[in-house]
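Student: What follows is work.txt, made up of compact mmCIF, C-alpha atoms:
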# COMPACT_ATOMS: atom_id res chain seq x y z
CA MET A 1 -23.82 -51.85 -16.36
CA GLY A 2 -27.19 -52.01 -14.58
CA LEU A 3 -25.61 -51.31 -11.20
CA ARG A 4 -23.62 -48.41 -12.65
CA ARG A 5 -26.76 -46.88 -14.10
CA VAL A 6 -28.60 -47.22 -10.80
CA ALA A 7 -25.70 -45.65 -8.90
CA ALA A 8 -25.51 -42.78 -11.38
CA ALA A 9 -29.26 -42.19 -11.09
CA VAL A 10 -29.08 -42.15 -7.29
CA LEU A 11 -26.16 -39.70 -7.42
CA ALA A 12 -28.05 -37.45 -9.80
CA LEU A 13 -31.10 -37.44 -7.56
CA ALA A 14 -28.94 -36.64 -4.55
CA VAL A 15 -27.31 -33.70 -6.36
CA LEU A 16 -30.75 -32.46 -7.45
CA ALA A 17 -32.10 -32.72 -3.89
CA LEU A 18 -29.14 -30.80 -2.48
CA THR A 19 -29.54 -28.13 -5.15
CA LEU A 20 -33.26 -27.76 -4.55
CA GLY A 21 -32.69 -27.73 -0.78
CA GLY A 22 -30.18 -24.94 -1.15
CA TRP A 23 -32.56 -22.89 -3.26
CA CYS A 24 -35.39 -23.48 -0.78
CA ALA A 25 -33.16 -22.40 2.08
CA LEU A 26 -32.34 -19.21 0.22
CA ALA A 27 -36.02 -18.61 -0.48
CA ARG A 28 -36.99 -18.97 3.19
CA PRO A 29 -36.86 -15.72 5.18
CA ARG A 30 -34.07 -15.60 7.76
CA GLU A 31 -35.26 -16.09 11.30
CA GLU A 32 -35.25 -12.75 13.11
CA GLN A 33 -32.45 -12.36 15.62
CA LEU A 34 -33.94 -11.34 18.98
CA LEU A 35 -30.98 -11.60 21.36
CA PRO A 36 -29.25 -9.84 22.96
CA LEU A 37 -31.97 -7.37 23.91
CA VAL A 38 -32.51 -4.12 25.81
CA LEU A 39 -36.00 -2.82 26.59
CA CYS A 40 -36.65 0.26 28.69
CA THR A 41 -39.51 2.52 29.71
CA TRP A 42 -39.83 5.99 28.16
CA PRO A 43 -37.73 7.30 25.25
CA TYR A 44 -34.44 7.17 27.14
CA ARG A 45 -32.38 6.46 24.02
CA GLU A 46 -28.96 7.23 25.49
CA ALA A 47 -29.57 4.95 28.46
CA ALA A 48 -30.82 2.12 26.24
CA GLU A 49 -27.86 2.60 23.90
CA GLN A 50 -25.42 2.44 26.80
CA ALA A 51 -27.01 -0.81 28.00
CA TRP A 52 -26.93 -2.18 24.45
CA LYS A 53 -23.22 -1.42 24.04
CA THR A 54 -22.58 -3.32 27.26
CA VAL A 55 -24.66 -6.43 26.64
CA ASN A 56 -23.65 -6.64 22.97
CA SER A 57 -19.96 -6.72 23.86
CA GLU A 58 -18.36 -8.37 26.86
CA GLY A 59 -20.75 -7.20 29.58
CA SER A 60 -23.33 -9.26 31.43
CA ALA A 61 -27.06 -8.58 31.56
CA LEU A 62 -26.56 -7.15 35.07
CA ASP A 63 -23.76 -4.88 33.84
CA ALA A 64 -26.02 -3.61 31.07
CA VAL A 65 -28.86 -2.73 33.45
CA GLU A 66 -26.50 -0.98 35.84
CA ASN A 67 -24.72 0.97 33.10
CA GLY A 68 -27.94 2.03 31.39
CA CYS A 69 -29.67 3.19 34.56
CA SER A 70 -26.48 4.86 35.80
CA LEU A 71 -26.32 7.01 32.68
CA CYS A 72 -29.89 8.14 33.29
CA GLU A 73 -29.02 9.01 36.89
CA ARG A 74 -26.04 11.11 35.79
CA GLU A 75 -27.99 12.83 33.01
CA GLN A 76 -31.02 13.42 35.30
CA CYS A 77 -33.42 11.96 32.71
CA ARG A 78 -36.49 14.19 32.54
CA GLY A 79 -35.71 15.39 36.04
CA THR A 80 -37.37 12.25 37.41
CA VAL A 81 -34.26 10.05 37.62
CA GLY A 82 -31.19 10.91 39.65
CA PHE A 83 -30.20 13.91 41.72
CA GLY A 84 -31.79 17.36 41.65
CA GLY A 85 -35.38 16.35 40.97
CA SER A 86 -38.69 15.65 42.71
CA PRO A 87 -37.97 17.28 46.09
CA ASP A 88 -40.10 16.00 48.96
CA GLU A 89 -42.07 18.14 51.43
CA SER A 90 -38.85 19.14 53.16
CA GLY A 91 -37.14 20.04 49.87
CA GLU A 92 -34.84 17.02 49.79
CA THR A 93 -34.29 14.73 46.80
CA THR A 94 -34.13 11.04 47.69
CA LEU A 95 -33.66 8.04 45.40
CA ASP A 96 -35.17 4.57 44.92
CA ALA A 97 -33.61 1.80 42.81
CA MET A 98 -33.38 -1.95 42.42
CA ILE A 99 -31.65 -4.58 40.33
CA MET A 100 -32.52 -8.26 39.91
CA ASN A 101 -30.52 -11.24 38.63
CA GLY A 102 -32.86 -13.56 36.73
CA ASP A 103 -30.39 -16.46 36.90
CA THR A 104 -30.08 -16.56 40.70
CA MET A 105 -33.23 -14.63 41.71
CA GLU A 106 -31.04 -12.33 43.83
CA VAL A 107 -32.27 -8.78 44.34
CA GLY A 108 -30.74 -5.59 45.66
CA GLY A 109 -32.75 -2.47 46.37
CA VAL A 110 -32.51 0.92 48.06
CA GLY A 111 -35.33 3.21 49.12
CA ASP A 112 -35.35 6.79 50.39
CA LEU A 113 -31.59 6.88 49.66
CA ARG A 114 -30.14 10.22 50.75
CA ARG A 115 -26.99 12.10 49.62
CA ILE A 116 -25.82 9.30 47.31
CA LYS A 117 -26.10 9.81 43.55
CA SER A 118 -25.46 6.28 42.23
CA ALA A 119 -28.66 4.59 43.40
CA ILE A 120 -28.63 1.64 40.95
CA SER A 121 -25.00 0.85 41.81
CA VAL A 122 -25.77 0.96 45.53
CA ALA A 123 -28.67 -1.42 44.88
CA ARG A 124 -26.26 -3.81 43.18
CA ALA A 125 -23.91 -3.50 46.15
CA VAL A 126 -26.78 -4.51 48.45
CA MET A 127 -27.26 -7.61 46.30
CA GLU A 128 -23.60 -8.53 46.02
CA HIS A 129 -22.23 -7.48 49.42
CA SER A 130 -25.05 -8.42 51.79
CA THR A 131 -27.61 -11.15 52.26
CA HIS A 132 -30.38 -8.54 52.40
CA THR A 133 -32.74 -7.48 49.62
CA LEU A 134 -33.68 -3.90 50.53
CA LEU A 135 -32.04 -1.13 52.56
CA VAL A 136 -33.74 2.22 53.20
CA GLY A 137 -33.19 5.74 54.49
CA GLN A 138 -30.20 7.01 56.39
CA SER A 139 -28.94 3.49 57.08
CA ALA A 140 -28.86 2.76 53.34
CA SER A 141 -26.74 5.88 52.87
CA ILE A 142 -24.31 4.76 55.57
CA PHE A 143 -24.04 1.35 53.88
CA ALA A 144 -23.31 3.08 50.57
CA GLN A 145 -20.56 5.20 52.09
CA ASN A 146 -19.00 2.11 53.64
CA MET A 147 -19.04 0.56 50.16
CA GLY A 148 -17.06 3.51 48.82
CA PHE A 149 -19.80 5.71 47.38
CA PRO A 150 -19.22 9.44 48.07
CA SER A 151 -21.74 11.46 50.05
CA GLU A 152 -22.98 14.39 47.94
CA ASP A 153 -25.72 17.01 48.10
CA LEU A 154 -28.55 15.96 45.76
CA THR A 155 -30.14 19.43 45.80
CA THR A 156 -29.80 21.68 42.74
CA ASN A 157 -31.06 25.14 41.86
CA VAL A 158 -33.90 23.49 39.96
CA SER A 159 -35.08 21.36 42.87
CA LEU A 160 -34.70 24.28 45.28
CA SER A 161 -36.83 26.48 43.00
CA GLU A 162 -39.49 23.76 42.72
CA HIS A 163 -39.68 23.47 46.48
CA LEU A 164 -39.90 27.22 47.10
CA GLU A 165 -42.65 27.57 44.51
CA TRP A 166 -44.59 24.78 46.21
CA LEU A 167 -44.27 26.46 49.59
CA ASN A 168 -45.52 29.74 48.11
CA GLN A 169 -48.61 27.88 46.86
CA LYS A 170 -49.48 26.81 50.41
CA CYS A 171 -47.94 23.39 49.78
CA GLN A 172 -50.35 22.55 46.97
CA PRO A 173 -50.70 19.89 45.84
CA ASN A 174 -49.73 17.39 48.52
CA PHE A 175 -50.50 13.80 49.49
CA ARG A 176 -52.05 14.18 52.93
CA LYS A 177 -55.60 13.19 53.80
CA HIS A 178 -57.81 13.05 56.89
CA VAL A 179 -55.66 15.61 58.69
CA SER A 180 -56.05 18.90 60.52
CA PRO A 181 -55.57 21.66 59.51
CA PRO A 182 -57.03 20.80 56.07
CA ALA A 183 -54.27 19.73 53.69
CA GLU A 184 -55.98 21.59 50.82
CA THR A 185 -55.22 24.98 52.35
CA SER A 186 -52.30 24.49 54.70
CA CYS A 187 -48.68 23.38 54.95
CA GLY A 188 -49.22 21.89 58.38
CA PRO A 189 -47.87 20.60 60.71
CA TYR A 190 -50.70 18.10 60.53
CA LYS A 191 -52.52 16.00 63.07
CA PRO A 192 -54.87 13.13 62.30
CA VAL A 193 -58.62 13.71 62.19
CA LYS A 194 -60.13 11.18 64.57
CA GLU A 195 -63.51 11.07 62.86
CA LEU A 196 -62.66 10.32 59.24
CA GLY A 197 -66.20 10.97 58.12
CA THR A 198 -66.01 14.63 59.12
CA GLN A 199 -63.93 15.56 56.07
CA LYS A 200 -64.97 15.46 52.42
CA PRO A 201 -62.94 13.25 50.06
CA ARG A 202 -60.01 15.13 48.54
CA ASN A 203 -60.18 16.37 44.97
CA THR A 204 -57.20 14.67 43.34
CA SER A 205 -57.29 16.58 40.04
CA ALA A 206 -54.72 19.10 41.26
CA ARG A 207 -52.34 16.28 42.19
CA SER A 208 -52.76 14.27 38.98
CA GLN A 209 -50.24 16.36 37.03
CA PHE A 210 -47.55 15.33 39.49
CA LEU A 211 -48.14 11.62 38.93
CA SER A 212 -46.39 11.74 35.56
CA HIS A 213 -43.03 10.80 37.01
CA ASP A 214 -40.92 8.82 34.57
CA THR A 215 -39.08 6.02 36.35
CA ILE A 216 -36.58 4.23 34.16
CA GLY A 217 -37.34 0.52 34.13
CA MET A 218 -34.91 -1.60 32.11
CA ILE A 219 -34.74 -5.24 31.03
CA THR A 220 -31.73 -6.85 29.36
CA ILE A 221 -31.20 -10.33 27.97
CA HIS A 222 -27.72 -11.61 27.18
CA ARG A 223 -27.24 -13.82 24.13
CA ASN A 224 -26.69 -16.73 26.52
CA GLY A 225 -30.23 -16.26 27.88
CA SER A 226 -29.38 -14.57 31.17
CA ILE A 227 -31.97 -11.94 32.11
CA ALA A 228 -31.68 -8.93 34.41
CA ALA A 229 -34.00 -6.07 35.27
CA GLY A 230 -33.71 -2.84 37.20
CA THR A 231 -35.24 0.53 38.02
CA SER A 232 -34.16 3.96 39.18
CA THR A 233 -36.14 7.07 40.15
CA ASN A 234 -36.21 10.08 42.44
CA GLY A 235 -39.84 9.30 43.21
CA LEU A 236 -42.92 11.42 43.52
CA LEU A 237 -42.68 15.21 43.47
CA HIS A 238 -43.64 16.75 46.87
CA LYS A 239 -43.92 13.33 48.49
CA ILE A 240 -44.12 12.96 52.24
CA PRO A 241 -40.57 12.44 53.60
CA GLY A 242 -39.84 8.75 54.05
CA ARG A 243 -42.11 7.65 51.21
CA VAL A 244 -40.81 4.69 49.20
CA GLY A 245 -42.53 3.82 45.94
CA ASP A 246 -42.79 0.64 43.91
CA SER A 247 -39.45 0.98 42.09
CA PRO A 248 -37.20 -0.78 44.66
CA ILE A 249 -39.74 -3.51 45.43
CA ALA A 250 -39.14 -6.86 43.71
CA GLY A 251 -42.24 -7.91 41.80
CA ALA A 252 -43.60 -4.37 41.77
CA GLY A 253 -40.98 -2.11 40.18
CA ALA A 254 -39.38 -4.96 38.24
CA TYR A 255 -38.99 -8.73 38.21
CA ALA A 256 -36.73 -11.11 36.27
CA ASP A 257 -36.60 -14.87 35.92
CA SER A 258 -34.37 -16.31 33.21
CA THR A 259 -36.63 -19.36 32.92
CA ALA A 260 -39.66 -17.23 31.99
CA GLY A 261 -38.96 -13.55 31.25
CA ALA A 262 -38.97 -10.15 32.88
CA ALA A 263 -41.13 -7.07 33.39
CA ALA A 264 -40.67 -3.51 34.67
CA ALA A 265 -43.18 -0.85 35.67
CA THR A 266 -43.50 2.92 35.71
CA GLY A 267 -46.28 5.16 36.98
CA ASN A 268 -48.18 5.69 40.22
CA GLY A 269 -46.16 3.44 42.47
CA ASP A 270 -48.39 3.88 45.51
CA ILE A 271 -51.14 2.11 43.57
CA MET A 272 -49.11 -0.25 41.40
CA MET A 273 -47.06 -1.77 44.22
CA ARG A 274 -50.22 -3.18 45.79
CA PHE A 275 -50.72 -5.49 42.80
CA LEU A 276 -47.13 -6.66 42.05
CA PRO A 277 -47.68 -6.17 38.29
CA SER A 278 -44.14 -7.09 37.24
CA TYR A 279 -44.28 -10.42 39.03
CA GLN A 280 -47.78 -11.06 37.74
CA ALA A 281 -46.77 -10.39 34.13
CA VAL A 282 -43.80 -12.77 34.36
CA GLU A 283 -46.05 -15.48 35.73
CA TYR A 284 -48.48 -14.94 32.85
CA MET A 285 -45.57 -15.41 30.43
CA ARG A 286 -44.49 -18.53 32.31
CA MET A 287 -47.95 -19.91 31.58
CA GLY A 288 -47.39 -19.27 27.88
CA LYS A 289 -49.11 -15.92 27.48
CA ASP A 290 -47.83 -13.57 24.79
CA PRO A 291 -45.81 -10.69 26.38
CA THR A 292 -48.26 -8.06 25.18
CA LEU A 293 -51.19 -9.98 26.63
CA ALA A 294 -49.24 -10.57 29.86
CA CYS A 295 -48.70 -6.82 30.22
CA GLN A 296 -52.33 -6.05 29.43
CA LYS A 297 -53.67 -8.58 31.93
CA ALA A 298 -51.44 -7.22 34.70
CA ILE A 299 -52.58 -3.66 33.92
CA GLY A 300 -56.19 -4.84 33.76
CA ARG A 301 -56.05 -6.25 37.28
CA ILE A 302 -55.16 -2.80 38.60
CA GLN A 303 -57.81 -1.08 36.49
CA LYS A 304 -60.56 -3.10 38.19
CA TYR A 305 -59.91 -1.02 41.32
CA HIS A 306 -58.35 2.11 39.79
CA PRO A 307 -59.80 2.54 36.28
CA ASN A 308 -57.86 5.71 35.46
CA PHE A 309 -54.56 5.09 37.21
CA PHE A 310 -51.33 6.34 35.63
CA GLY A 311 -48.98 3.50 34.75
CA ALA A 312 -47.29 1.30 32.16
CA LEU A 313 -45.57 -2.06 31.99
CA ILE A 314 -42.89 -3.51 29.69
CA CYS A 315 -42.61 -7.30 29.31
CA VAL A 316 -40.15 -9.69 27.62
CA ASN A 317 -40.26 -13.47 27.52
CA LYS A 318 -37.15 -15.64 27.65
CA THR A 319 -36.92 -15.88 23.85
CA GLY A 320 -36.74 -12.11 23.41
CA HIS A 321 -40.29 -11.42 22.27
CA TYR A 322 -41.58 -8.28 23.96
CA GLY A 323 -44.82 -6.45 24.67
CA VAL A 324 -45.92 -3.23 26.33
CA ALA A 325 -49.18 -1.95 27.85
CA CYS A 326 -50.28 1.23 29.59
CA SER A 327 -53.37 2.41 31.43
CA LYS A 328 -55.25 5.22 29.72
CA SER A 329 -55.48 8.26 31.97
CA PRO A 330 -55.79 12.05 31.60
CA ASN A 331 -51.99 12.31 31.48
CA LEU A 332 -51.24 9.18 29.49
CA THR A 333 -52.91 8.05 26.27
CA ARG A 334 -49.83 6.70 24.47
CA PHE A 335 -46.65 5.27 25.94
CA HIS A 336 -43.14 5.62 24.49
CA PHE A 337 -40.41 3.05 25.09
CA MET A 338 -37.05 1.93 23.68
CA ILE A 339 -36.13 -1.43 22.14
CA PHE A 340 -32.64 -2.50 21.09
CA ASN A 341 -31.90 -5.93 19.59
CA PRO A 342 -29.96 -7.18 16.53
CA SER A 343 -32.89 -6.21 14.29
CA THR A 344 -33.79 -2.77 15.59
CA ALA A 345 -32.70 0.16 17.72
CA SER A 346 -35.63 2.50 17.98
CA GLU A 347 -38.29 4.28 19.97
CA LYS A 348 -41.71 2.64 19.85
CA ILE A 349 -45.17 3.86 20.85
CA VAL A 350 -48.18 1.93 22.10
CA ASP A 351 -51.76 3.15 22.61
CA CYS A 352 -53.01 2.83 26.18
CA ILE A 353 -55.96 0.61 27.11
Let me see whether you can do it: turn the structure in this file into structure tokens.

Tutor:
Amino acid sequence: MGLRRVAAAVLALAVLALTLGGWCALARPREEQLLPLVLCTWPYREAAEQAWKTVNSEGSALDAVENGCSLCEREQCRGTVGFGGSPDESGETTLDAMIMNGDTMEVGGVGDLRRIKSAISVARAVMEHSTHTLLVGQSASIFAQNMGFPSEDLTTNVSLSEHLEWLNQKCQPNFRKHVSPPAETSCGPYKPVKELGTQKPRNTSARSQFLSHDTIGMITIHRNGSIAAGTSTNGLLHKIPGRVGDSPIAGAGAYADSTAGAAAATGNGDIMMRFLPSYQAVEYMRMGKDPTLACQKAIGRIQKYHPNFFGALICVNKTGHYGVACSKSPNLTRFHFMIFNPSTASEKIVDCI
């Protein structure tokens, strides 16, 4: 009888423990689901939603980045992505884009792409059908045509009107310096000023309004942990022909490493590309920094030399925790971005530092 009583007591305790454990489990808050994930610069909801539909179904992280950025190119997001926007000094729209595979560290990019609308897809073709990382200019367009992309005119009535208005304003503003005749009052053609000290520094206030170009930078994480990142833009309005910004440059426009995280940038690419902020932010996260702090530190490095530069950075670590930071400037005091994951699908806003 003694053994039976002991066995019964042990069984009762076991049942009680299981019951209490069940109640405790119910009382504990469910762990937030963070993956899959889509994070993108600016309030490009349709593009983020397209990427989310891809990565949340059967698509890969790379597919999601390509599909999301492609939608923005077709829809001409804010006139700063895709065809028909930001004509250069000659009136032509050219495109920059890149895509990066965080599993293999492969990158494909195109710069100064002419007469081809699908810049992000051409960038992926560079990655998947060549051993190169970046193709630029007319040769990039020829490569695209050989890959089956149609050659199309990227000019629209809107971009033509923008260019004509700029010409009527004596090509103001522009991005020339240390040239003759003075760039402030002339359309050129320009020649270099041999004695740089003979000209006063240019007043950049008139140009600052044109630095608010809104590159789409996108990061996606598949539920299996694979990370991809990409960018697409038509660059800087009234840029000098041939100019390539930060967007197609790995480590500048975007960077992805599935063992650490990813980052993507938007803003004044001529400044930001000198500091490789996307690469720097990922390395901060690799060292264990919170994504928000990683973004802030990368932005802070640039601010030491350019305190009022226009720019922002989105960051995600490999677990799906994200952060965003932007540099406070006359044209940017708060930054809008999109986040899609199993817990949310919304536009968020962060105050600039």

Student: Applying 9 Å and only C-alpha atoms, which residues near Gly230 of chain A remain after dropping the ones on its own chain fewer than 2 positions away? List them as a list of chain:residue names.

Tutor: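 In the requested form, the answer reads A:Leu62, A:Val65, A:Glu66, A:Cys69, A:Ala97, A:Met98, A:Ile99, A:Met100, A:Ile120, A:Ile216, A:Gly217, A:Met218, A:Ile219, A:Ala228, A:Ser232, A:Ser247, A:Pro248, A:Gly253, A:Ala254, A:Tyr255, A:Ala256, A:Ala264.
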
Student: Mind checking which residues fall within 8 Å of Gly91 of chain A, counting all atoms listed in the file, ignoring those fewer than 6 positions away in the same chain, and posting them as a PyMOL selection string?

Tutor: chain A and resi 159-160+163+238

Student: Can you work out which one of A:Ala144, A:Leu34, A:Ile240, A:Ile302 has the shortest atom-to-atom distance to Asn268 of chain A, counting all atoms listed in the file?

Tutor: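 Between A:Ala144, A:Leu34, A:Ile240, A:Ile302, the residue approaching Asn268 of chain A most closely is A:Ile302.
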
Student: Just checking: using only C-alpha atoms, which residue out of A:His222, A:Asn174, A:Lys194, A:Ala140 ends up closest to Thr54 of chain A?

Tutor: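 Comparing A:His222, A:Asn174, A:Lys194, A:Ala140 against Thr54 of chain A, the winner is A:His222.
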
Student: To one decimal in Å, tell me the separation between atom CA of Tyr190 of chain A and atom CA of Lys170 of chain A.

Tutor: 13.4 Å

Student: Give me, as a list of chain:residue names, all polymer residues having an atom no more than 9 Å from Ile339 of chain A, counting all atoms listed in the file and skipping those fewer than 4 positions away in the same chain.

Tutor: A:Leu37, A:Val38, A:Leu39, A:Cys40, A:Arg45, A:Ala48, A:Tyr322, A:Thr344, A:Ala345, A:Ser346, A:Glu347, A:Lys348

Student: With distances taken over all atoms listed in the file, which of A:Lys328, A:Lys53, A:Arg124, A:Arg78 is nearest to Ala229 of chain A?

Tutor: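 Among the listed residues, the smallest separation from Ala229 of chain A belongs to A:Arg124.
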
Student: Can you work out which one of A:Pro241, A:Pro173, A:Gly323, A:Pro307 has the shortest atom-to-atom distance to Lys289 of chain A, counting all atoms listed in the file?

Tutor: A:Gly323

Student: Please report the interatomic distance between atom CA of Lys239 of chain A and atom CA of Cys352 of chain A in Å with one decimal.

Tutor: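 That distance, rounded to one decimal, is 26.3 Å.
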
Student: For a quick check of your reading of the model, name the residues lying within 12 Å of the coordinate (-44.4, 6.1, 51.8), counting only C-alpha atoms, and write them as a list in words.

Tutor: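 Nearby residues: Asp88, Asp96, Gly111, Asp112, Val136, Gly137, Phe175, Arg176, Gly235, Leu236, His238, Lys239, Ile240, Pro241, Gly242, Arg243, Val244, Gly245, Asp246, Gly269, Asp270, Ile271 and Met273 of chain A.
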
Student: For a quick check of understanding, using all atoms listed in the file, which of A:Ser121, A:Thr220, A:Thr156, A:Thr93 has the smallest distance to Gly59 of chain A?

Tutor: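 Once distances to Gly59 of chain A are computed over all atoms listed in the file, the minimum belongs to A:Thr220.
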
Student: I'd like the contact shell of Glu92 of chain A - 8 Å cut-off, all atoms listed in the file, skipping same-chain residues fewer than 4 positions apart - returned as a tab-separated table (two decimals) with C-alpha atoms, keeping the file's coordinate frame.

Tutor:
chain	number	residue	atom	x	y	z
A	87	PRO	CA	-37.97	17.28	46.09
A	88	ASP	CA	-40.10	16.00	48.96
A	154	LEU	CA	-28.55	15.96	45.76
A	155	THR	CA	-30.14	19.43	45.80

Student: Please determine, counting all atoms listed in the file, which residue among A:Cys187, A:Ala47, A:Leu134, A:Leu237 has the shortest atom-to-atom distance to Glu75 of chain A.

Tutor: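 Going through A:Cys187, A:Ala47, A:Leu134, A:Leu237 one by one, the smallest distance to Glu75 of chain A is for A:Ala47.
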
Student: To one decimal in Å, tell me the separation between atom CA of Gln138 of chain A and atom CA of Thr80 of chain A.

Tutor: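 Calculated distance between atom CA of Gln138 of chain A and atom CA of Thr80 of chain A is 21.0 Å.
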